[in-house]
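Worksheet: one structure, shown below.
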Amino acid sequence: MLRLDGLKVTQGTFELVADVAFERGRCTALIGPSGAGKSTALAAIAGFVPLTRGRIIWCDEDLSDLAPGERGMSMLFQDGNVFPHLTVFQNVALGLSPQLRLDADMKRRVHAALERVGLAGMGGRKPSALSGGQIARVALARSLAQACPIMVLDEPFAALGPALKIEMLSLVQEVAVDTNATVLMVSHDPDDAKRIADNCALVADGVVSAPVPKSEFFDNPPPALRAYLGT
Amino acid sequence: MAKRVFSVKPTSILGGAVASLILFLVLGTLGAVIWRADDIAGLSTYDWAAVRFTVFQAFLSALLSVTLAIPVARALARRRFWGRGALITLLGAPFILPVIVAVLGLISVFGRSGIVNEFLSVFGIDPVSIFGLRGVLIAHVFFNLPLATRLLLQGWLSVPSERFRLAASLNFDARAMFMRVEMPMLRDVIPGAFMLIFLICTTSFAVALTLGGGPKATTIELAIYQAFRLDFNLGKAALLAIIQFGISAAAAGLAYWVSAPSGIGAGLDRNVKRFDRSARWIDATVIAAASLFLILPLTMILLRGLPMILSLPTAVWLSALRSVWVALMSTGLAVFAGLSLALWIVRAQRIGAGIIEGIGYLTIAASPLVMGTGLYLILFPFVNPFDVALLVTAVVNAAMALPFLLRGLVPALRDAELHFGRLADSLGMQGWARVRYLLIPRARRALGFGAGLAAALSMGDLGVIALFSDGSAQTLPLQLYALMSAYRMEQAAAAALVLVALSLLLFWIFDRGGRTDA
């Protein structure tokens, strides 16, 4: 269980509070209008934004004071998920060793991850030689190689076309199952959540509500969500 | 609270060491000069004349450069013609052109037996001398007209094209366009350009050494050189050094205050679509005249020097080798120092970053001659300063190149942190891994360009080496100066050609290195 324990984040005049728990091994989607605090919530969980108060607990371990790289989370950002100056192989390998000191086993794992996402043989290329979908695959391959207990997705596929996005989401699902990861994702598009999430949590007016099963969430939407969805 | 996400220590130590070294080079050497001055008597009228001349010529140089740049920049902004891109590139060239080479070229155009005087003599007009204030101004305008043009051109290209469209729909004529659209832009851009050029011209040494001199045309830098080299009057050198520092610091402060625009590295190949009609021949004349002024001196060197190049004495080639070595050493030092400081600046908090950056830019206001004199005094008890002349030259050149490196590096590193910092954090890339796999690769272009500038500036520098050299370990610029002083003009032209070729080659190699594979 990933618990946000009395969490409060302050950014200028904006405040976000969260007192919720996310089920282990499940995929939870944070849904809500823009500016409501979805990305801020993820940034706080991942360690990029200091907490004003409260704690982040993963399986009895307090993550609140750990650097982003020490939290056991793999990140997929909105953009800038790969370093354009490094090769595909290096980009994936950084997930295993930030110093790029790789033993034979690590190299094998990088190649396996690339193969799993359909990029076998492309390790030597630079991102500039890849398509948008392939770049997303590189980032997913890294998450796969990292095999972190938590995957955090901040709308990484927003720039992709609908068909490609669906493909990527199912790949995320496969990676999550392969690595037995707990997934937290932010999305503007309720369809994304319907496709891969187990649970949904509403983020509105600076408050993260408790996650509920997706069917319940969409069948009987809370008023703030209804306003957002326009139903 | 989230912790600072990367270890700060090694960068602070390295950056701190470099910052201390800069402070020592700028202020410590000044202190050494003051310390060793036995008696600081007042300045003679000759020295005061130097102070007045320094400010006066810098003011006139800036005024002339900026005024002449207005029509040139306007013509470049509103015309499209074959060779426009090449001309704009050429406008960047004087920056890496060795001063002594330009001076030689200008002498062959404006000198006693130069083209201009030959032409005048046809009409029975007495030859006009290039030495004295006139020569200093011609040389300074030669170097700074292109800089001013680039700065103003940036201003022109920053005017939104919608404004020109609106002006066209209001049926503005050329005069109305100038008053309503161009003038307001110039009011913003000119003060910065003027102060920047004024600042550059206050520390003029090589131009004053070659074209100036005497009670009427001696700059403070030249007076420091003379006080040290001819009279060994340290008290006077110290006093002049303090005045020089004061003037440069005041000019730098003013330039910063009016926010001097950056004249290097920006894309100027855009061309604004203009609707107003203005006389084409004016722009054509302006562009032709400016091009001629820039190209003619270098062409003269090429024509006179090329036939002599293979018969240059071995001493010239040896000094060329020495200069390349100094330039490479200086570039290495500048890159190391620039990177250390820039990494520290990027990781420091707001105010701290500002202070460190300020230290890095301190050498803009510093005088290389003062640094040289101070280092001489500090080294004198331990080693024969003449033995370390080349090393000292490399160190001082590196310090002078540092601001140019920082100017490119700091934004590049900030940009890398902005776009990829979180990704690097989430992957736990800290310390050396972050520097090696994120920061240096993202700063490659800036690093290559900055290193190229540092190499070219050092290659062509005629400053500190003039203080230190005993005639045996000469660099190529100094060798060239010796040839000119001996009136061996054909050989000088050939040596100048070698110097310019090596400067451009070094710049090209480094700049190129930063571009490949990026």
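By order of appearance in the structure tokens: chains A, B, ..., then residues from 1 within every chain, and ligands from 1 in the order shown.
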
How would you write, as a PyMOL selection string, the set of residues in segment 204-309 of chain B that DSSP gives as helix (DSSP H, G or I)? chain B and resi 206-211+220-231+234-257+280-309

Could you make a table, as JSON lines, of the residues of segment 134-169 of chain A that have an atom within 12 Å of an atom of segment 17-40 of chain A, each with its nearest atom pair and distance in Å to one decimal, counting only C-alpha atoms, in chain and number order?
{"residue": "A:Cys148", "atom": "CA", "partner": "A:Gly25", "partner_atom": "CA", "distance": 11.5}
{"residue": "A:Pro149", "atom": "CA", "partner": "A:Gly25", "partner_atom": "CA", "distance": 8.3}
{"residue": "A:Ile150", "atom": "CA", "partner": "A:Gly25", "partner_atom": "CA", "distance": 8.5}
{"residue": "A:Met151", "atom": "CA", "partner": "A:Cys27", "partner_atom": "CA", "distance": 9.1}
{"residue": "A:Val152", "atom": "CA", "partner": "A:Cys27", "partner_atom": "CA", "distance": 9.9}
{"residue": "A:Leu153", "atom": "CA", "partner": "A:Ala29", "partner_atom": "CA", "distance": 9.3}
{"residue": "A:Asp154", "atom": "CA", "partner": "A:Ser39", "partner_atom": "CA", "distance": 6.6}
{"residue": "A:Glu155", "atom": "CA", "partner": "A:Ser39", "partner_atom": "CA", "distance": 9.0}
{"residue": "A:Pro156", "atom": "CA", "partner": "A:Ser39", "partner_atom": "CA", "distance": 11.7}
{"residue": "A:Leu169", "atom": "CA", "partner": "A:Cys27", "partner_atom": "CA", "distance": 11.5}

Could you write those residues out with N, CA and C atoms, as a PDB file, in the first residue's frame?
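File produced: result15.pdb:
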ATOM      1  N   CYS A 148      10.803  -1.234 -10.967  1.00  0.00           N
ATOM      2  CA  CYS A 148      10.526  -0.597  -9.680  1.00  0.00           C
ATOM      3  C   CYS A 148       9.163  -1.051  -9.169  1.00  0.00           C
ATOM      4  N   PRO A 149       8.988  -1.057  -7.856  1.00  0.00           N
ATOM      5  CA  PRO A 149       7.693  -1.451  -7.314  1.00  0.00           C
ATOM      6  C   PRO A 149       6.583  -0.467  -7.683  1.00  0.00           C
ATOM      7  N   ILE A 150       6.944   0.781  -7.984  1.00  0.00           N
ATOM      8  CA  ILE A 150       5.919   1.776  -8.313  1.00  0.00           C
ATOM      9  C   ILE A 150       6.231   2.416  -9.660  1.00  0.00           C
ATOM     10  N   MET A 151       5.216   2.489 -10.519  1.00  0.00           N
ATOM     11  CA  MET A 151       5.357   3.214 -11.783  1.00  0.00           C
ATOM     12  C   MET A 151       4.494   4.455 -11.721  1.00  0.00           C
ATOM     13  N   VAL A 152       5.106   5.607 -12.055  1.00  0.00           N
ATOM     14  CA  VAL A 152       4.360   6.857 -12.019  1.00  0.00           C
ATOM     15  C   VAL A 152       4.273   7.419 -13.434  1.00  0.00           C
ATOM     16  N   LEU A 153       3.051   7.636 -13.915  1.00  0.00           N
ATOM     17  CA  LEU A 153       2.849   8.106 -15.290  1.00  0.00           C
ATOM     18  C   LEU A 153       2.135   9.449 -15.281  1.00  0.00           C
ATOM     19  N   ASP A 154       2.815  10.471 -15.782  1.00  0.00           N
ATOM     20  CA  ASP A 154       2.206  11.793 -15.835  1.00  0.00           C
ATOM     21  C   ASP A 154       1.842  12.114 -17.283  1.00  0.00           C
ATOM     22  N   GLU A 155       0.775  11.517 -17.757  1.00  0.00           N
ATOM     23  CA  GLU A 155       0.309  11.721 -19.139  1.00  0.00           C
ATOM     24  C   GLU A 155       1.409  11.582 -20.178  1.00  0.00           C
ATOM     25  N   PRO A 156       2.137  10.480 -20.163  1.00  0.00           N
ATOM     26  CA  PRO A 156       3.283  10.393 -21.072  1.00  0.00           C
ATOM     27  C   PRO A 156       2.889  10.255 -22.540  1.00  0.00           C
ATOM     28  N   LEU A 169      -0.713   2.148 -23.866  1.00  0.00           N
ATOM     29  CA  LEU A 169      -1.349   1.867 -22.583  1.00  0.00           C
ATOM     30  C   LEU A 169      -1.385   0.365 -22.313  1.00  0.00           C
TER      31      LEU A 169
END

Specify as a PDB file with C-alpha atoms, in the first residue's frame all residues of chain A found within 6 Å of chain B, counting only C-alpha atoms.
ATOM      1  CA  PRO A  50       8.789  19.429  -0.987  1.00  0.00           C
ATOM      2  CA  LEU A  51       5.999  18.476   1.408  1.00  0.00           C
ATOM      3  CA  ASP A  65      12.857  12.338   2.955  1.00  0.00           C
ATOM      4  CA  ALA A  67      15.663  11.733  -3.072  1.00  0.00           C
ATOM      5  CA  PRO A  68      13.577  10.941  -6.192  1.00  0.00           C
ATOM      6  CA  GLY A  69      16.062   8.320  -7.331  1.00  0.00           C
ATOM      7  CA  GLY A  95      17.624   2.796 -15.268  1.00  0.00           C
ATOM      8  CA  PRO A  98      23.119   5.883 -13.287  1.00  0.00           C
ATOM      9  CA  GLN A  99      26.890   5.679 -13.847  1.00  0.00           C
TER      10      GLN A  99
END

Leaving out Ala139 of chain B and any residue of its chain fewer than 6 positions from it, which residues lie within 9 Å of it when counting only C-alpha atoms, given as a PyMOL selection string? chain B and resi 61+99+102-103+106+207+211

I want to know what sits within 10 Å of Thr87 of chain A, based on only C-alpha atoms, with residues of the same chain fewer than 6 positions away left out; could you give that as a VMD selection string? chain A and resid 93 122 to 129

Restricting it to C-alpha atoms, dump the selection as an mmCIF file, in the first residue's frame.
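Final output, out-v2.cif:
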data_model
loop_
_atom_site.group_PDB
_atom_site.id
_atom_site.type_symbol
_atom_site.label_atom_id
_atom_site.label_comp_id
_atom_site.auth_asym_id
_atom_site.auth_seq_id
_atom_site.Cartn_x
_atom_site.Cartn_y
_atom_site.Cartn_z
ATOM 1 C CA ALA A 93 20.677 1.224 -19.161
ATOM 2 C CA MET A 122 17.736 -0.499 -32.241
ATOM 3 C CA GLY A 123 19.941 -0.027 -29.168
ATOM 4 C CA GLY A 124 22.607 1.851 -31.089
ATOM 5 C CA ARG A 125 20.281 4.538 -32.424
ATOM 6 C CA LYS A 126 19.804 8.037 -31.113
ATOM 7 C CA PRO A 127 16.267 9.181 -30.227
ATOM 8 C CA SER A 128 16.330 11.619 -33.154
ATOM 9 C CA ALA A 129 16.254 8.590 -35.451
#

Taking 2 positions as the minimum chain separation for residues in the same chain, which residues sit within 9 Å of segment 136-144 of chain A when counting only C-alpha atoms? Answer as a VMD selection string. chain A and resid 73 to 76 81 to 82 88 to 89 91 to 96 110 112 to 119 127 131 to 134 146 to 148 151 156 to 157 168 171 to 172 175 to 176 178 to 179

Go ahead and write the selection's residues with N, CA and C atoms as a CSV table (one decimal), in the first residue's frame.
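Saved result, out-v9.csv, follows:
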chain,number,residue,atom,x,y,z
A,73,MET,N,10.7,4.3,-7.6
A,73,MET,CA,9.7,4.6,-8.6
A,73,MET,C,10.3,4.8,-9.9
A,74,SER,N,9.6,4.3,-11.0
A,74,SER,CA,10.0,4.7,-12.3
A,74,SER,C,9.1,5.7,-12.8
A,75,MET,N,9.6,6.7,-13.5
A,75,MET,CA,8.8,7.8,-13.9
A,75,MET,C,8.6,7.9,-15.5
A,76,LEU,N,7.4,8.2,-15.9
A,76,LEU,CA,7.2,8.6,-17.3
A,76,LEU,C,6.5,9.9,-17.3
A,81,ASN,N,11.3,12.2,-21.8
A,81,ASN,CA,11.5,10.9,-21.1
A,81,ASN,C,12.8,10.3,-21.5
A,82,VAL,N,13.5,10.8,-22.6
A,82,VAL,CA,14.7,10.2,-23.0
A,82,VAL,C,15.7,11.3,-23.2
A,88,VAL,N,19.7,4.7,-27.5
A,88,VAL,CA,18.6,4.0,-27.0
A,88,VAL,C,19.0,3.0,-25.9
A,89,PHE,N,20.1,2.3,-26.1
A,89,PHE,CA,20.7,1.4,-25.2
A,89,PHE,C,21.0,2.1,-23.9
A,91,ASN,N,20.0,5.0,-22.8
A,91,ASN,CA,18.8,5.5,-22.1
A,91,ASN,C,18.2,4.5,-21.2
A,92,VAL,N,18.1,3.2,-21.8
A,92,VAL,CA,17.5,2.2,-21.0
A,92,VAL,C,18.4,1.8,-19.8
A,93,ALA,N,19.7,1.7,-20.1
A,93,ALA,CA,20.7,1.2,-19.2
A,93,ALA,C,20.8,2.2,-18.0
A,94,LEU,N,20.5,3.5,-18.2
A,94,LEU,CA,20.6,4.4,-17.0
A,94,LEU,C,19.6,4.0,-15.9
A,95,GLY,N,18.6,3.3,-16.3
A,95,GLY,CA,17.6,2.8,-15.3
A,95,GLY,C,18.2,1.8,-14.3
A,96,LEU,N,19.3,1.1,-14.8
A,96,LEU,CA,19.9,0.1,-14.0
A,96,LEU,C,21.2,0.6,-13.3
A,110,VAL,N,19.0,-5.1,-20.3
A,110,VAL,CA,18.6,-4.0,-21.2
A,110,VAL,C,18.2,-4.5,-22.6
A,112,ALA,N,16.9,-7.4,-23.2
A,112,ALA,CA,15.7,-8.1,-23.1
A,112,ALA,C,14.5,-7.1,-23.0
A,113,ALA,N,14.7,-6.0,-22.3
A,113,ALA,CA,13.7,-5.0,-22.2
A,113,ALA,C,13.4,-4.4,-23.5
A,114,LEU,N,14.5,-4.1,-24.3
A,114,LEU,CA,14.3,-3.5,-25.6
A,114,LEU,C,13.5,-4.5,-26.5
A,115,GLU,N,13.8,-5.8,-26.4
A,115,GLU,CA,13.1,-6.8,-27.2
A,115,GLU,C,11.7,-6.8,-26.9
A,116,ARG,N,11.4,-6.8,-25.6
A,116,ARG,CA,10.0,-6.9,-25.0
A,116,ARG,C,9.1,-5.8,-25.6
A,117,VAL,N,9.7,-4.6,-25.8
A,117,VAL,CA,8.9,-3.5,-26.2
A,117,VAL,C,8.9,-3.3,-27.8
A,118,GLY,N,9.6,-4.3,-28.4
A,118,GLY,CA,9.7,-4.2,-29.9
A,118,GLY,C,10.7,-3.3,-30.5
A,119,LEU,N,11.8,-3.1,-29.7
A,119,LEU,CA,12.9,-2.3,-30.2
A,119,LEU,C,14.2,-3.1,-30.4
A,127,PRO,N,17.7,8.9,-30.2
A,127,PRO,CA,16.3,9.2,-30.2
A,127,PRO,C,15.8,10.0,-31.5
A,131,SER,N,10.7,7.3,-34.1
A,131,SER,CA,9.4,8.0,-34.1
A,131,SER,C,8.9,8.2,-32.7
A,132,GLY,N,7.9,9.1,-32.6
A,132,GLY,CA,7.3,9.4,-31.3
A,132,GLY,C,6.9,8.1,-30.5
A,133,GLY,N,6.3,7.2,-31.2
A,133,GLY,CA,5.9,5.9,-30.6
A,133,GLY,C,7.1,5.1,-30.1
A,134,GLN,N,8.1,5.1,-30.9
A,134,GLN,CA,9.3,4.3,-30.5
A,134,GLN,C,10.0,5.0,-29.3
A,146,GLN,N,14.1,-1.3,-15.0
A,146,GLN,CA,14.2,-0.9,-13.7
A,146,GLN,C,13.4,-1.8,-12.7
A,147,ALA,N,12.2,-2.2,-13.2
A,147,ALA,CA,11.4,-3.1,-12.4
A,147,ALA,C,11.1,-2.5,-11.0
A,148,CYS,N,10.8,-1.2,-11.0
A,148,CYS,CA,10.5,-0.6,-9.7
A,148,CYS,C,9.2,-1.1,-9.2
A,151,MET,N,5.2,2.5,-10.5
A,151,MET,CA,5.4,3.2,-11.8
A,151,MET,C,4.5,4.5,-11.7
A,156,PRO,N,2.1,10.5,-20.2
A,156,PRO,CA,3.3,10.4,-21.1
A,156,PRO,C,2.9,10.3,-22.5
A,157,PHE,N,1.7,9.9,-22.8
A,157,PHE,CA,1.3,9.6,-24.2
A,157,PHE,C,0.4,10.6,-24.8
A,168,MET,N,0.2,1.9,-26.5
A,168,MET,CA,1.2,2.2,-25.4
A,168,MET,C,0.6,1.8,-24.0
A,171,LEU,N,0.7,-1.7,-23.4
A,171,LEU,CA,2.1,-2.1,-23.1
A,171,LEU,C,2.5,-1.7,-21.7
A,172,VAL,N,2.0,-0.6,-21.2
A,172,VAL,CA,2.1,-0.2,-19.8
A,172,VAL,C,1.6,-1.3,-18.9
A,175,VAL,N,3.8,-4.3,-18.9
A,175,VAL,CA,5.0,-4.0,-18.1
A,175,VAL,C,4.7,-4.1,-16.6
A,176,ALA,N,3.5,-3.5,-16.3
A,176,ALA,CA,3.1,-3.5,-14.9
A,176,ALA,C,2.9,-4.9,-14.3
A,178,ASP,N,4.2,-7.7,-15.7
A,178,ASP,CA,5.5,-8.3,-15.7
A,178,ASP,C,6.3,-8.0,-14.4
A,179,THR,N,6.3,-6.7,-14.0
A,179,THR,CA,7.1,-6.3,-12.9
A,179,THR,C,6.3,-6.3,-11.6

Do you know which residues are at most 12 Å from Thr285 of chain B counting only C-alpha atoms, after dropping those on the same chain fewer than 6 positions away, and could you put them as an MDAnalysis selection string? chainID B and resid 71:72 75:76 279 291:292

Keeping only C-alpha atoms, write the selected residues as a PDB file, in the first residue's frame.
ATOM      1  CA  PRO B  71      22.252  52.266 -41.488  1.00  0.00           C
ATOM      2  CA  VAL B  72      24.186  49.013 -41.963  1.00  0.00           C
ATOM      3  CA  ALA B  75      19.986  47.693 -44.651  1.00  0.00           C
ATOM      4  CA  LEU B  76      20.730  44.117 -43.592  1.00  0.00           C
ATOM      5  CA  ALA B 279      15.576  53.996 -51.742  1.00  0.00           C
ATOM      6  CA  SER B 291      31.805  45.308 -46.687  1.00  0.00           C
ATOM      7  CA  LEU B 292      34.691  47.092 -48.351  1.00  0.00           C
TER       8      LEU B 292
END
